[in-house]
There are 4 protein chains.
Amino acid sequence: MHVHTLPLRENRQAVTLTTYLIDDSKEFQTGVKRPLIVLVPGGGYLNVSDREGEPIALKFMAQGYHVAIIRYTTYLLEDTNPPVTRAQKVWPDALYDLAEAMIQLQNHADEWLIDTDKIVMAGFSAGGHLALSFAVHRNKSLILDQYEDRANAFNLSGLILGYPVTDYTLMEEKIQKINDQELTNFWRFSNRGLFGVSEPTREQLALMSPVKDIDETIPPIFIWHTVDDGLVFPENSLRVAEKMSELKRPYELYMFEEGVHGLSLADHTSASYPGHINEPVQVWFSQALKWLKRHGC
Amino acid sequence: MHVHTLPLRENRQAVTLTTYLIDDSKEFQTGVKRPLIVLVPGGGYLNVSDREGEPIALKFMAQGYHVAIIRYTTYLLEDTNPPVTRAQKVWPDALYDLAEAMIQLQNHADEWLIDTDKIVMAGFSAGGHLALSFAVHRNKSLILDQYEDRANAFNLSGLILGYPVTDYTLMEEKIQKINDQELTNFWRFSNRGLFGVSEPTREQLALMSPVKDIDETIPPIFIWHTVDDGLVFPENSLRVAEKMSELKRPYELYMFEEGVHGLSLADHTSASYPGHINEPVQVWFSQALKWLKRHGC
Amino acid sequence: MHVHTLPLRENRQAVTLTTYLIDDSKEFQTGVKRPLIVLVPGGGYLNVSDREGEPIALKFMAQGYHVAIIRYTTYLLEDTNPPVTRAQKVWPDALYDLAEAMIQLQNHADEWLIDTDKIVMAGFSAGGHLALSFAVHRNKSLILDQYEDRANAFNLSGLILGYPVTDYTLMEEKIQKINDQELTNFWRFSNRGLFGVSEPTREQLALMSPVKDIDETIPPIFIWHTVDDGLVFPENSLRVAEKMSELKRPYELYMFEEGVHGLSLADHTSASYPGHINEPVQVWFSQALKWLKRHGC
Amino acid sequence: MHVHTLPLRENRQAVTLTTYLIDDSKEFQTGVKRPLIVLVPGGGYLNVSDREGEPIALKFMAQGYHVAIIRYTTYLLEDTNPPVTRAQKVWPDALYDLAEAMIQLQNHADEWLIDTDKIVMAGFSAGGHLALSFAVHRNKSLILDQYEDRANAFNLSGLILGYPVTDYTLMEEKIQKINDQELTNFWRFSNRGLFGVSEPTREQLALMSPVKDIDETIPPIFIWHTVDDGLVFPENSLRVAEKMSELKRPYELYMFEEGVHGLSLADHTSASYPGHINEPVQVWFSQALKWLKRHGC
């Protein structure tokens, strides 16, 4: 296996593409191109969580996939107290980071033995928001105006979304209703990073709600959430399901009754503390593998 | 094990309660009361499907549960061509059949070693509609007016719903929109059995849509559906999830991307033909077991 | 499902065949003949353990098998203190009980929808000894002298053996070596029931060691044991494997590092106490299912 | 994750230690030392098979283990036709390669965050022979005469052996009995590499049969084999089980009825051709994980 980290932006060293490539053996499966999982970890657009990176990469590699992890532009430069934050908002730079990463993967596909007809993006939490945003904008002006001649690099055979933010309008309504100070503070701060303001307008919220932009060109989606997620509300995933059913697009949805936000693999390899280990939730991964196989990946 | 069938109505010999009770051994677990799964198979209110009866009963028994299967009042008396149908509609008789069954189970609980604090109802398709209807009406006038002194028999610790009808208003709207003659005919015929008319009014449809009646007293729900179910649309289950989230009630939802209506266990034991075998869907059963354990059952 | 108990001997009411037959539905899989698992529980030839009966039967039924449980002649008439024992030794009566049961199953095969080309016997502990003894003697004089015209009823497509006694010579040697009073007393008492004497001669021990009689006509064997079984030593199973390898006959063997004697399914459904629940050992059952499928059962 | 390859011998560039180390994150499980699996692939002492290297490494890493793969001294320098072979036999150099690797791992344990109390060696086929040989000789003169001051680096908490050669005396007897020209030729050629002569004496064969040298100091063993392995006979594993039972040492043994030699993981990630995919055999890996956990690794 080769692990290699490429910079994605000249002046932001934290913005990178790390490729985990299975060795090509002279002895077996020689020269076979492999499907690729592109991981987009979460972190509230404040940082990029390791917990949704390498542990998930290793699980997919163990099943024969190449993996790439994207570390995109985030609001925190240093997670000190008080934190050091970026001067500008992260959007749409974070989105373009994904485009840049996809272009790199396309450019090196032959060298890295990537089957470019089998690229699936997997995002978690804010990374789920970013991945779904990339999927809905990949064939629209927000991305194509910047990358019109590279649209061929943006094909996706599927999306895997774990506890994603998909609807900021919904988020805002529920946060106001719940009226919990700590929760509100977190979202105000995260909003400052993403929108540039802590209280975005209804128009801004709607523009940043990719569930509203899902259309017939959306790839198949595998999506999961815990019902009692207190940070990113489960309706974010239910609404994706409704929209997909409305459009008669294929999807698979798992809503697990119990579990905190940010479970990642929900096993010991990605856990910070015991609450991150949740046996019933672990099934998402093996079910995602079956779903990938059904889609030829 | 003892299997025994009790009649539930004097003059309808097809309306029965069949109990599958694990033997009480003198050697181990002697005298232990067991949780009970009450199965309500589907069949479009036309008949009661064997495919959603014994095969599922056996899977639960293999895990240490007692099981009871309810065969309730349906529209077909004989499934001949042309079919022989009942003179009257089945509602609310079918609902009262469930109440009668629950009363029998309560009456015999000590004798049959049933733990009455651990009774879970599991319904499939029309049986899911009936089970959810029972759950929402069990503490309301529709049932209590008939059985006011037996409300204690109607406790449920959980509901398991497989591809249920939960919203007849939704069903009617989608059937009109799809405008497929065969599908329409099926629903018209089924409606005649359930509502007494093939084209119920909006008021009738709404009254028979238990998702609208879910309130804070609903037990935890485990629910699953296939997204491309062409007979009972997946929105029936999505709407239960939304309502439960809105009420902050616990639920677990699985929407499988692919699979025909009526999968039951989705394995060879309940299959009529190869399309009834669907490996990714089989996980609903083992996940339901974990969910039951979490709820102490 | 129908559960029915038949007497196997006129004057011994505890000696029975209990059939667990899956219902034949008019709706699906109508008239299909099913493979049959014939269970032979253990109990040191003193009694017949419930723990190796119905819980295992239910697991197989949940997979679509018919099951029959044989309760054979044992030494204890009543398990009181002091116990009431039979006047005569149980051998070869217990063996003939199995023959009688097989004949009953053959006689009723059409009525019960049993596929007589797919009958597999599964024995545990002393029941494993009895099942293996039946398998090695089913085509030899000990059985055929009694049942010569019914040899057609004795076909077996496979044997499943859980922690069986297969070699009494080995047992005797190890018991002497270990020199533990309680263990020795148990075996002396059990021997009195089986051999009629508490200290059988070397010739008697050899005659009752079915591993020595395995020949090319033995059906495929699936066998498992725990390595630290303190009552029936694991070498009983290792020697079957060696003999089978020597004869180039198919077998599958699992030796689990840790676990008390008598684990049955090793899960909560067959457990008397927590030590009977042993997660790594549970895999024997799902592996046995795959093995049965490979042998067409 | 970091993958790094170290040379183990100055003048043999193919003899290496490749470490697969999980990244230490600043965010979670920071500074935690991990158990280590040391993989010793097979190849008949002719080469070192990739099929028993990285695919297995990835499976263990996905479960949170560090992994190291040892590529040891083998007979073929180039696998051309005719092959280019080493002038000298590989023994005991190959054994010392393992010692060298263990010393490197010990030297870097703090830097690499290896928990040196949780090192398990896993060998396959000839690599199983080499791993078992290392385990039996690690505290005896053959190794200690060379590495007396580094005995502390040779602790093993367990051994995992897949279809190993453990008894060359047995191999020779069976090969003579089978009398198949192709099989005989393979072993003669492999012997030339290992022993330096194609027909070793009985004394030489016995010395190279590590099953005979197992004593009370052997770590727990997890061992598996397929019964119809036509290259390394299954008795090699049965004899380890017998020896371990005789010594009352812990082990777990799986003998799978069907499967060619060299299955590795028996899934698509390690397969050269469809016969290398064998679903029942795949269970060895998940069972090995449970076994490792029981031993605290």
# chains A, B, ... in the order shown; residues from 1 in each chain; ligands from 1
$ residues_around --residues "Ser25 of chain A" --least-positions-apart "5" --cutoff "9 Å" --atoms "only C-alpha atoms" --output "PyMOL selection string"
(chain A and resi 30-31) or (chain D and resi 50-51)
$ interface_residues --of "chain D" --to "chain A" --cutoff "9 Å" --atoms "only C-alpha atoms" --output "VMD selection string"
chain D and resid 1 to 3 20 22 to 23 25 to 29 49 to 51 54 to 64 268 to 273
$ atom_distance --atom1 "atom CA of Ala126 of chain D" --atom2 "atom CA of Ile223 of chain C"
27.3 Å
$ residues_around --residues "Asp117 of chain C" --least-positions-apart "5" --cutoff "10 Å" --atoms "only C-alpha atoms" --output "list in words"
Arg34, Pro35, Leu36, Asn155, Leu156, Ser157, Gly296 and Cys297 of chain C
$ select_by_dssp --residues "segment 5-124 of chain C" --states "strand (DSSP E or B)" --output "number ranges by chain"
C: 5-7, 16-21, 34-40, 66-71, 76-78, 84-85, 114-124
$ closest_residue --among "C:Leu183, C:Val48, C:Leu170, C:Leu8" --to "Arg202 of chain C" --atoms "only C-alpha atoms"
C:Leu170
$ atom_distance --atom1 "atom CA of Arg86 of chain A" --atom2 "atom CA of Arg192 of chain A"
10.2 Å
$ residues_around --residues "segment 204-221 of chain B" --least-positions-apart "3" --cutoff "8 Å" --atoms "only C-alpha atoms" --output "list in words"
His129, Leu132, Ser133, Ala135, Val136, Leu156, Ser157, Gly158, Leu159, Ile160, Leu161, Thr166, Asp167, Tyr168, Thr169, Phe195, Pro200, Thr201, Arg239, Val240, Lys243, Met244, Leu247, Arg249, Pro250, Tyr251 and Glu252 of chain B
$ residues_around --residues "Asn107 of chain C" --least-positions-apart "3" --cutoff "12 Å" --atoms "only C-alpha atoms" --output "list of chain:residue names"
C:Glu100, C:Ala101, C:Met102, C:Ile103, C:Gln104, C:Asp110, C:Glu111, C:Trp112, C:Leu113, C:Ile114, C:Thr116, C:Arg150, C:Asn152, C:Ala153, C:Phe154
$ write_last_selection --atoms "C-alpha atoms" --output "mmCIF file, in the first residue's frame"
data_model
loop_
_atom_site.group_PDB
_atom_site.id
_atom_site.type_symbol
_atom_site.label_atom_id
_atom_site.label_comp_id
_atom_site.auth_asym_id
_atom_site.auth_seq_id
_atom_site.Cartn_x
_atom_site.Cartn_y
_atom_site.Cartn_z
ATOM 1 C CA GLU C 100 -37.020 -47.416 15.488
ATOM 2 C CA ALA C 101 -37.205 -43.649 15.147
ATOM 3 C CA MET C 102 -35.629 -43.714 11.693
ATOM 4 C CA ILE C 103 -38.160 -46.331 10.617
ATOM 5 C CA GLN C 104 -41.036 -44.194 11.860
ATOM 6 C CA ASP C 110 -44.672 -38.777 2.375
ATOM 7 C CA GLU C 111 -47.281 -37.664 4.872
ATOM 8 C CA TRP C 112 -44.811 -35.414 6.693
ATOM 9 C CA LEU C 113 -43.189 -34.099 3.507
ATOM 10 C CA ILE C 114 -39.722 -35.304 4.496
ATOM 11 C CA THR C 116 -35.569 -38.874 2.723
ATOM 12 C CA ARG C 150 -35.502 -51.863 6.989
ATOM 13 C CA ASN C 152 -33.422 -48.460 3.545
ATOM 14 C CA ALA C 153 -34.582 -46.321 6.480
ATOM 15 C CA PHE C 154 -31.073 -45.826 7.779
#
$ residues_around --residues "Ala241 of chain C" --least-positions-apart "4" --cutoff "8 Å" --atoms "only C-alpha atoms" --output "PyMOL selection string"
(chain C and resi 237+245+251+253) or (chain D and resi 238)
$ write_last_selection --atoms "N, CA and C atoms" --output "PDB file, in the first residue's frame"
ATOM      1  N   SER C 237     -12.904 -35.800  19.629  1.00  0.00           N
ATOM      2  CA  SER C 237     -13.205 -35.218  18.324  1.00  0.00           C
ATOM      3  C   SER C 237     -11.991 -35.212  17.407  1.00  0.00           C
ATOM      4  N   SER C 245      -9.535 -38.155   7.934  1.00  0.00           N
ATOM      5  CA  SER C 245      -8.448 -37.779   7.020  1.00  0.00           C
ATOM      6  C   SER C 245      -7.760 -39.025   6.474  1.00  0.00           C
ATOM      7  N   TYR C 251     -15.003 -34.047   6.177  1.00  0.00           N
ATOM      8  CA  TYR C 251     -15.438 -33.639   7.515  1.00  0.00           C
ATOM      9  C   TYR C 251     -15.080 -32.173   7.720  1.00  0.00           C
ATOM     10  N   LEU C 253     -14.237 -29.683  11.168  1.00  0.00           N
ATOM     11  CA  LEU C 253     -13.961 -29.769  12.609  1.00  0.00           C
ATOM     12  C   LEU C 253     -13.695 -28.388  13.188  1.00  0.00           C
TER      13      LEU C 253
ATOM     14  N   LEU D 238      -3.744 -31.032  12.501  1.00  0.00           N
ATOM     15  CA  LEU D 238      -4.301 -31.929  13.526  1.00  0.00           C
ATOM     16  C   LEU D 238      -3.239 -32.291  14.563  1.00  0.00           C
TER      17      LEU D 238
END
$ select_by_dssp --residues "segment 115-271 of chain B" --states "helix (DSSP H, G or I)" --output "ChimeraX atom specification"
/B:126-137,141-154,168-178,181-195,202-207,210-213,235-247
$ atom_distance --atom1 "atom CA of Glu52 of chain B" --atom2 "atom CA of Ala266 of chain C"
28.6 Å
$ residues_around --residues "Phe186 of chain C" --least-positions-apart "6" --cutoff "10 Å" --atoms "only C-alpha atoms" --output "list in words"
Gly44, Ser198 and Leu231 of chain C
